[in-house]
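Below is query_29.cif, holding mmCIF, C-alpha atoms.
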```
data_target
loop_
_atom_site.label_atom_id
_atom_site.label_comp_id
_atom_site.auth_asym_id
_atom_site.auth_seq_id
_atom_site.Cartn_x
_atom_site.Cartn_y
_atom_site.Cartn_z
CA MET O 715 11.47 1.09 26.96
CA LEU O 716 8.22 3.03 26.85
CA PRO O 717 6.41 3.93 30.05
CA ALA O 718 3.37 1.74 30.71
CA TYR O 719 0.81 4.39 29.72
CA GLU O 720 2.54 5.15 26.38
CA SER O 721 2.82 1.50 25.36
CA GLU O 722 -0.82 1.02 26.38
CA LEU O 723 -1.86 3.89 24.08
CA LEU O 724 0.12 2.39 21.20
CA MET O 725 -1.41 -1.02 21.73
CA ASN O 726 -4.92 0.42 21.90
CA ASP O 727 -4.41 1.98 18.47
CA LEU O 728 -3.27 -1.33 16.98
CA ASN O 729 -5.71 -3.61 18.78
CA GLY O 730 -8.61 -2.24 16.80
CA LEU O 731 -6.85 -3.08 13.54
CA ARG O 732 -7.94 -6.57 12.48
CA ALA O 733 -5.33 -6.76 9.72
CA TRP O 734 -2.60 -6.29 12.32
CA ASP O 735 -4.10 -9.01 14.54
CA ALA O 736 -4.23 -11.42 11.60
CA ALA O 737 -0.63 -10.58 10.64
CA ARG O 738 0.53 -11.22 14.20
CA GLU O 739 -1.25 -14.58 14.27
CA LEU O 740 0.46 -15.65 11.05
CA GLU O 741 3.81 -14.41 12.37
CA LYS O 742 3.45 -16.52 15.53
CA VAL O 743 2.65 -19.69 13.59
CA VAL O 744 5.50 -19.12 11.11
CA GLY O 745 7.92 -18.48 13.99
CA GLY O 746 6.81 -21.73 15.68
CA ILE O 747 7.38 -23.68 12.47
CA ALA O 748 10.85 -22.17 12.05
CA ARG O 749 11.79 -22.98 15.67
CA LYS O 750 10.64 -26.62 15.36
CA ASN O 751 12.34 -27.15 12.00
CA ARG O 752 14.87 -29.96 12.01
CA LEU O 753 15.59 -29.92 8.27
CA ALA O 754 18.46 -28.04 6.68
CA ASP O 755 17.42 -24.74 5.08
CA PRO O 756 20.22 -23.94 2.61
CA GLY O 757 18.14 -21.40 0.66
CA GLY O 758 17.00 -19.59 3.79
CA VAL O 759 13.32 -20.00 2.90
CA LEU O 760 12.15 -20.17 6.50
CA SER O 761 14.22 -17.19 7.57
CA GLN O 762 12.83 -15.16 4.66
CA LEU O 763 9.32 -16.27 5.59
CA CYS O 764 9.87 -15.18 9.21
CA ARG O 765 11.30 -11.81 8.18
CA ALA O 766 8.45 -11.12 5.76
CA ALA O 767 5.84 -12.12 8.37
CA ASN O 768 7.47 -9.82 10.92
CA CYS O 769 7.63 -6.97 8.41
CA VAL O 770 3.88 -7.08 7.72
CA GLY O 771 2.95 -6.41 11.34
CA ALA O 772 5.71 -3.84 11.73
CA SER O 773 4.66 -1.94 8.59
CA LEU O 774 1.04 -1.89 9.74
CA ALA O 775 2.14 -0.55 13.13
CA GLU O 776 4.22 2.15 11.44
CA GLY O 777 1.23 3.03 9.27
CA VAL O 778 -1.02 3.49 12.29
CA GLY O 779 1.55 5.80 13.85
CA ALA O 780 2.21 7.79 10.66
CA ALA O 781 1.73 11.55 10.80
CA THR O 782 0.06 12.01 7.42
CA LYS O 783 -2.28 9.97 5.26
CA LYS O 784 0.36 9.82 2.54
CA GLU O 785 2.88 8.26 4.94
CA ARG O 786 0.17 5.92 6.24
CA LEU O 787 -0.55 4.74 2.70
CA GLN O 788 3.15 4.16 2.03
CA ARG O 789 3.46 1.94 5.12
CA PHE O 790 0.25 0.05 4.35
CA ARG O 791 1.37 -0.53 0.76
CA ARG O 792 4.68 -1.87 2.06
CA ALA O 793 2.74 -4.24 4.32
CA HIS O 794 0.71 -5.34 1.30
CA GLN O 795 3.90 -6.08 -0.65
CA GLU O 796 5.33 -8.12 2.21
CA ALA O 797 2.05 -10.01 2.67
CA SER O 798 2.16 -10.92 -1.02
CA GLU O 799 5.77 -12.04 -0.61
CA ILE O 800 4.74 -14.31 2.26
CA ARG O 801 2.49 -16.25 -0.11
CA HIS O 802 5.51 -17.03 -2.28
CA HIS O 803 7.65 -18.09 0.68
CA ILE O 804 4.90 -20.34 2.02
CA ARG O 805 4.76 -22.14 -1.32
CA SER O 806 8.56 -22.44 -1.41
CA ALA O 807 8.65 -23.81 2.13
CA TRP O 808 5.97 -26.38 1.28
CA ASP O 809 7.90 -27.40 -1.85
CA SER O 810 10.93 -27.95 0.43
CA GLN O 811 8.69 -30.08 2.71
CA PHE O 812 9.07 -27.95 5.83
CA PHE O 813 5.46 -28.63 6.83
CA ALA O 814 2.58 -30.95 5.99
CA LYS O 815 -0.22 -30.30 3.51
CA PRO O 816 -2.87 -29.25 6.07
CA MET O 817 -0.49 -26.65 7.53
CA TYR O 818 0.32 -25.43 4.01
CA PHE O 819 -3.36 -24.90 3.24
CA TRP O 820 -3.93 -23.11 6.55
CA LEU O 821 -0.92 -20.83 6.02
CA ALA O 822 -1.78 -20.14 2.37
CA SER O 823 -5.39 -19.26 3.17
CA ARG O 824 -4.36 -17.07 6.12
CA ALA O 825 -1.81 -15.26 3.95
CA ALA O 826 -4.43 -14.69 1.23
CA VAL O 827 -6.83 -13.28 3.84
CA ASN O 828 -4.08 -10.96 5.12
CA VAL O 829 -3.43 -9.66 1.61
CA ARG O 830 -7.14 -8.91 1.12
CA MET O 831 -7.50 -7.28 4.53
CA ILE O 832 -4.53 -5.00 3.95
CA ARG O 833 -5.79 -4.14 0.44
CA ASN O 834 -9.17 -3.19 1.91
CA LEU O 835 -7.39 -1.07 4.51
CA ILE O 836 -5.49 0.75 1.75
CA VAL O 837 -8.70 1.36 -0.18
CA SER O 838 -10.43 2.78 2.90
CA VAL O 839 -7.56 5.21 3.52
CA GLU O 840 -7.50 6.22 -0.15
CA ARG O 841 -11.23 6.97 -0.08
CA ARG O 842 -10.72 9.40 2.77
CA MET O 843 -7.96 11.23 0.91
CA PRO O 844 -8.91 14.24 -1.23
CA ASP O 845 -8.60 13.97 -4.99
CA ASP O 846 -5.67 15.67 -6.72
CA LYS O 847 -8.06 18.24 -8.15
CA THR O 848 -9.22 19.45 -4.75
CA ARG O 849 -5.82 19.69 -3.07
CA LYS O 850 -4.34 23.05 -2.13
CA GLY O 851 -2.38 24.77 -4.85
CA ASN O 852 -4.49 23.31 -7.60
CA THR O 853 -7.78 25.14 -7.17
CA ARG O 854 -8.52 25.75 -10.85
CA ARG O 855 -10.87 23.23 -12.41
CA ARG O 856 -11.19 22.37 -16.04
CA ARG O 857 -14.60 22.87 -17.50
CA GLY O 858 -16.07 20.29 -19.79
CA ILE O 859 -17.04 21.46 -23.25
CA SER O 860 -20.77 21.28 -23.80
CA PRO O 861 -22.09 19.93 -27.13
CA GLU O 862 -23.38 23.34 -28.24
CA ASP O 863 -19.98 24.94 -27.55
CA SER O 864 -18.19 22.38 -29.70
CA ALA O 865 -20.41 23.30 -32.70
CA ARG O 866 -19.54 27.00 -32.52
CA PRO O 867 -16.66 28.30 -34.60
CA LYS O 868 -13.55 28.83 -32.57
CA LYS O 869 -12.15 32.31 -32.04
CA LYS O 870 -8.64 33.07 -33.14
CA ALA O 871 -6.24 33.13 -30.27
CA LYS O 872 -4.68 36.48 -29.45
CA ARG O 873 -0.96 36.72 -29.69
CA SER O 874 0.73 37.12 -26.41
CA SER O 875 3.03 40.04 -25.83
CA ARG O 876 5.94 37.66 -25.41
CA THR O 877 5.78 36.38 -28.97
CA ARG O 878 5.03 39.70 -30.64
CA GLY O 879 8.11 40.96 -32.38
CA SER O 880 10.17 37.87 -31.74
CA PRO O 881 12.55 36.71 -34.52
CA VAL O 882 10.49 33.56 -35.02
CA ASP O 883 7.33 35.61 -35.40
CA GLU O 884 8.99 38.01 -37.91
CA GLU O 885 10.14 35.11 -40.13
CA SER O 886 6.68 33.61 -40.33
CA ARG O 887 5.11 36.83 -41.73
#
```

Before anything else, please render the file you have as structure tokens.
Amino acid sequence: MLPAYESELLMNDLNGLRAWDAARELEKVVGGIARKNRLADPGGVLSQLCRAANCVGASLAEGVGAATKKERLQRFRRAHQEASEIRHHIRSAWDSQFFAKPMYFWLASRAAVNVRMIRNLIVSVERRMPDDKTRKGNTRRRRGISPEDSARPKKKAKRSSRTRGSPVDEESR
């Protein structure tokens, strides 16, 4: 169990994240539906729906706590995958008549909103990441060829010292 001040810091980080709030709301409603269910669930649709709903919020929380932007993106993408999976499970649960039509439409629209919110979150993190060209270790940039350069005759390439005198080079002479 975390001390009060540490859990408060964690919650403050997540409370500003609207996608996490929306995921938690959907998770609560799905959990309530699963608890009130009186029908048999041989395919485990409701349990899959509950697990996927729980995973979205958990993945978002892991993403907020990630050390690097790359790790953060991985967690947010996982949350996006799970949010997309929820949409499938909601449809399957409705086909199995686990809830009424108004609840289906509410759940389906909430799940679609969650998917869009998480996608927007991923895009905002990606925008703040540097391009591959500007990362460390890859400082050389390719220059574009101007139109006047493309009209000039090309110079013959010099042979490198590695190929000079090689058996392949001797055969081609």

Counting all atoms listed in the file, the option among O:Asn828, O:Asn751, O:Ser806, O:Gln795 closest to Leu731 of chain O: O:Asn828

So that I can see what lies close to segment 801-803 of chain O, please list as a short mmCIF file (atom, residue, chain, number, x, y, z; two decimals) with C-alpha atoms, keeping the file's coordinate frame the residues with an atom at most 10 Å from it, counting all atoms listed in the file and leaving out residues fewer than 6 positions away in the same chain.
```cif
data_model
loop_
_atom_site.label_atom_id
_atom_site.label_comp_id
_atom_site.auth_asym_id
_atom_site.auth_seq_id
_atom_site.Cartn_x
_atom_site.Cartn_y
_atom_site.Cartn_z
CA GLY O 758 17.00 -19.59 3.79
CA VAL O 759 13.32 -20.00 2.90
CA LEU O 760 12.15 -20.17 6.50
CA SER O 761 14.22 -17.19 7.57
CA GLN O 762 12.83 -15.16 4.66
CA LEU O 763 9.32 -16.27 5.59
CA CYS O 764 9.87 -15.18 9.21
CA ALA O 766 8.45 -11.12 5.76
CA ALA O 767 5.84 -12.12 8.37
CA ASP O 809 7.90 -27.40 -1.85
CA LEU O 821 -0.92 -20.83 6.02
CA ALA O 822 -1.78 -20.14 2.37
CA SER O 823 -5.39 -19.26 3.17
CA ARG O 824 -4.36 -17.07 6.12
CA ALA O 825 -1.81 -15.26 3.95
CA ALA O 826 -4.43 -14.69 1.23
CA ASN O 828 -4.08 -10.96 5.12
CA VAL O 829 -3.43 -9.66 1.61
#
```

Gap from atom CA of Arg752 of chain O to atom CA of Ala797 of chain O - Å, one decimal: 25.5 Å

Atomic separation - atom CA of Ile800 of chain O relative to atom CA of Thr782 of chain O, Å: 27.2 Å

Nearest residue to Ala736 of chain O from the set O:Ala748, O:Ala780, O:Asn768, O:Ala807 (distances using all atoms listed in the file):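 Result for the nearest residue to Ala736 of chain O: O:Asn768.
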
Picked residues, the PyMOL selection byres ((chain O and resi 769) around 12), expected as a PyMOL selection string: chain O and resi 734+737-738+740-741+762-768+770-777+789-800

Write the residues you've just listed into a file as a short mmCIF file (atom, residue, chain, number, x, y, z; two decimals), in the frame of the given file, and include C-alpha atoms for each of them.
```cif
data_model
loop_
_atom_site.label_atom_id
_atom_site.label_comp_id
_atom_site.auth_asym_id
_atom_site.auth_seq_id
_atom_site.Cartn_x
_atom_site.Cartn_y
_atom_site.Cartn_z
CA TRP O 734 -2.60 -6.29 12.32
CA ALA O 737 -0.63 -10.58 10.64
CA ARG O 738 0.53 -11.22 14.20
CA LEU O 740 0.46 -15.65 11.05
CA GLU O 741 3.81 -14.41 12.37
CA GLN O 762 12.83 -15.16 4.66
CA LEU O 763 9.32 -16.27 5.59
CA CYS O 764 9.87 -15.18 9.21
CA ARG O 765 11.30 -11.81 8.18
CA ALA O 766 8.45 -11.12 5.76
CA ALA O 767 5.84 -12.12 8.37
CA ASN O 768 7.47 -9.82 10.92
CA VAL O 770 3.88 -7.08 7.72
CA GLY O 771 2.95 -6.41 11.34
CA ALA O 772 5.71 -3.84 11.73
CA SER O 773 4.66 -1.94 8.59
CA LEU O 774 1.04 -1.89 9.74
CA ALA O 775 2.14 -0.55 13.13
CA GLU O 776 4.22 2.15 11.44
CA GLY O 777 1.23 3.03 9.27
CA ARG O 789 3.46 1.94 5.12
CA PHE O 790 0.25 0.05 4.35
CA ARG O 791 1.37 -0.53 0.76
CA ARG O 792 4.68 -1.87 2.06
CA ALA O 793 2.74 -4.24 4.32
CA HIS O 794 0.71 -5.34 1.30
CA GLN O 795 3.90 -6.08 -0.65
CA GLU O 796 5.33 -8.12 2.21
CA ALA O 797 2.05 -10.01 2.67
CA SER O 798 2.16 -10.92 -1.02
CA GLU O 799 5.77 -12.04 -0.61
CA ILE O 800 4.74 -14.31 2.26
#
```

Within 8 Å of Ile836 of chain O using all atoms listed in the file, minus same-chain residues under 3 positions, as a list in words: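 In the requested form, the answer reads Leu787, Phe790, Arg791, Ile832, Arg833, Val839 and Glu840 of chain O.
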
Distance in Å - atom CA of Arg805 of chain O versus atom CA of Leu835 of chain O: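 Distance between the two atoms: 25.0 Å.
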
Once 3 Å is added on each side, what centre and edge lengths in Å to one decimal does the axis-aligned box around all listed atoms of segment 775-786 of chain O have, as JSON?
```
{"center_x": 1.0, "center_y": 5.7, "center_z": 8.2, "size_x": 12.5, "size_y": 18.6, "size_z": 17.3}
```
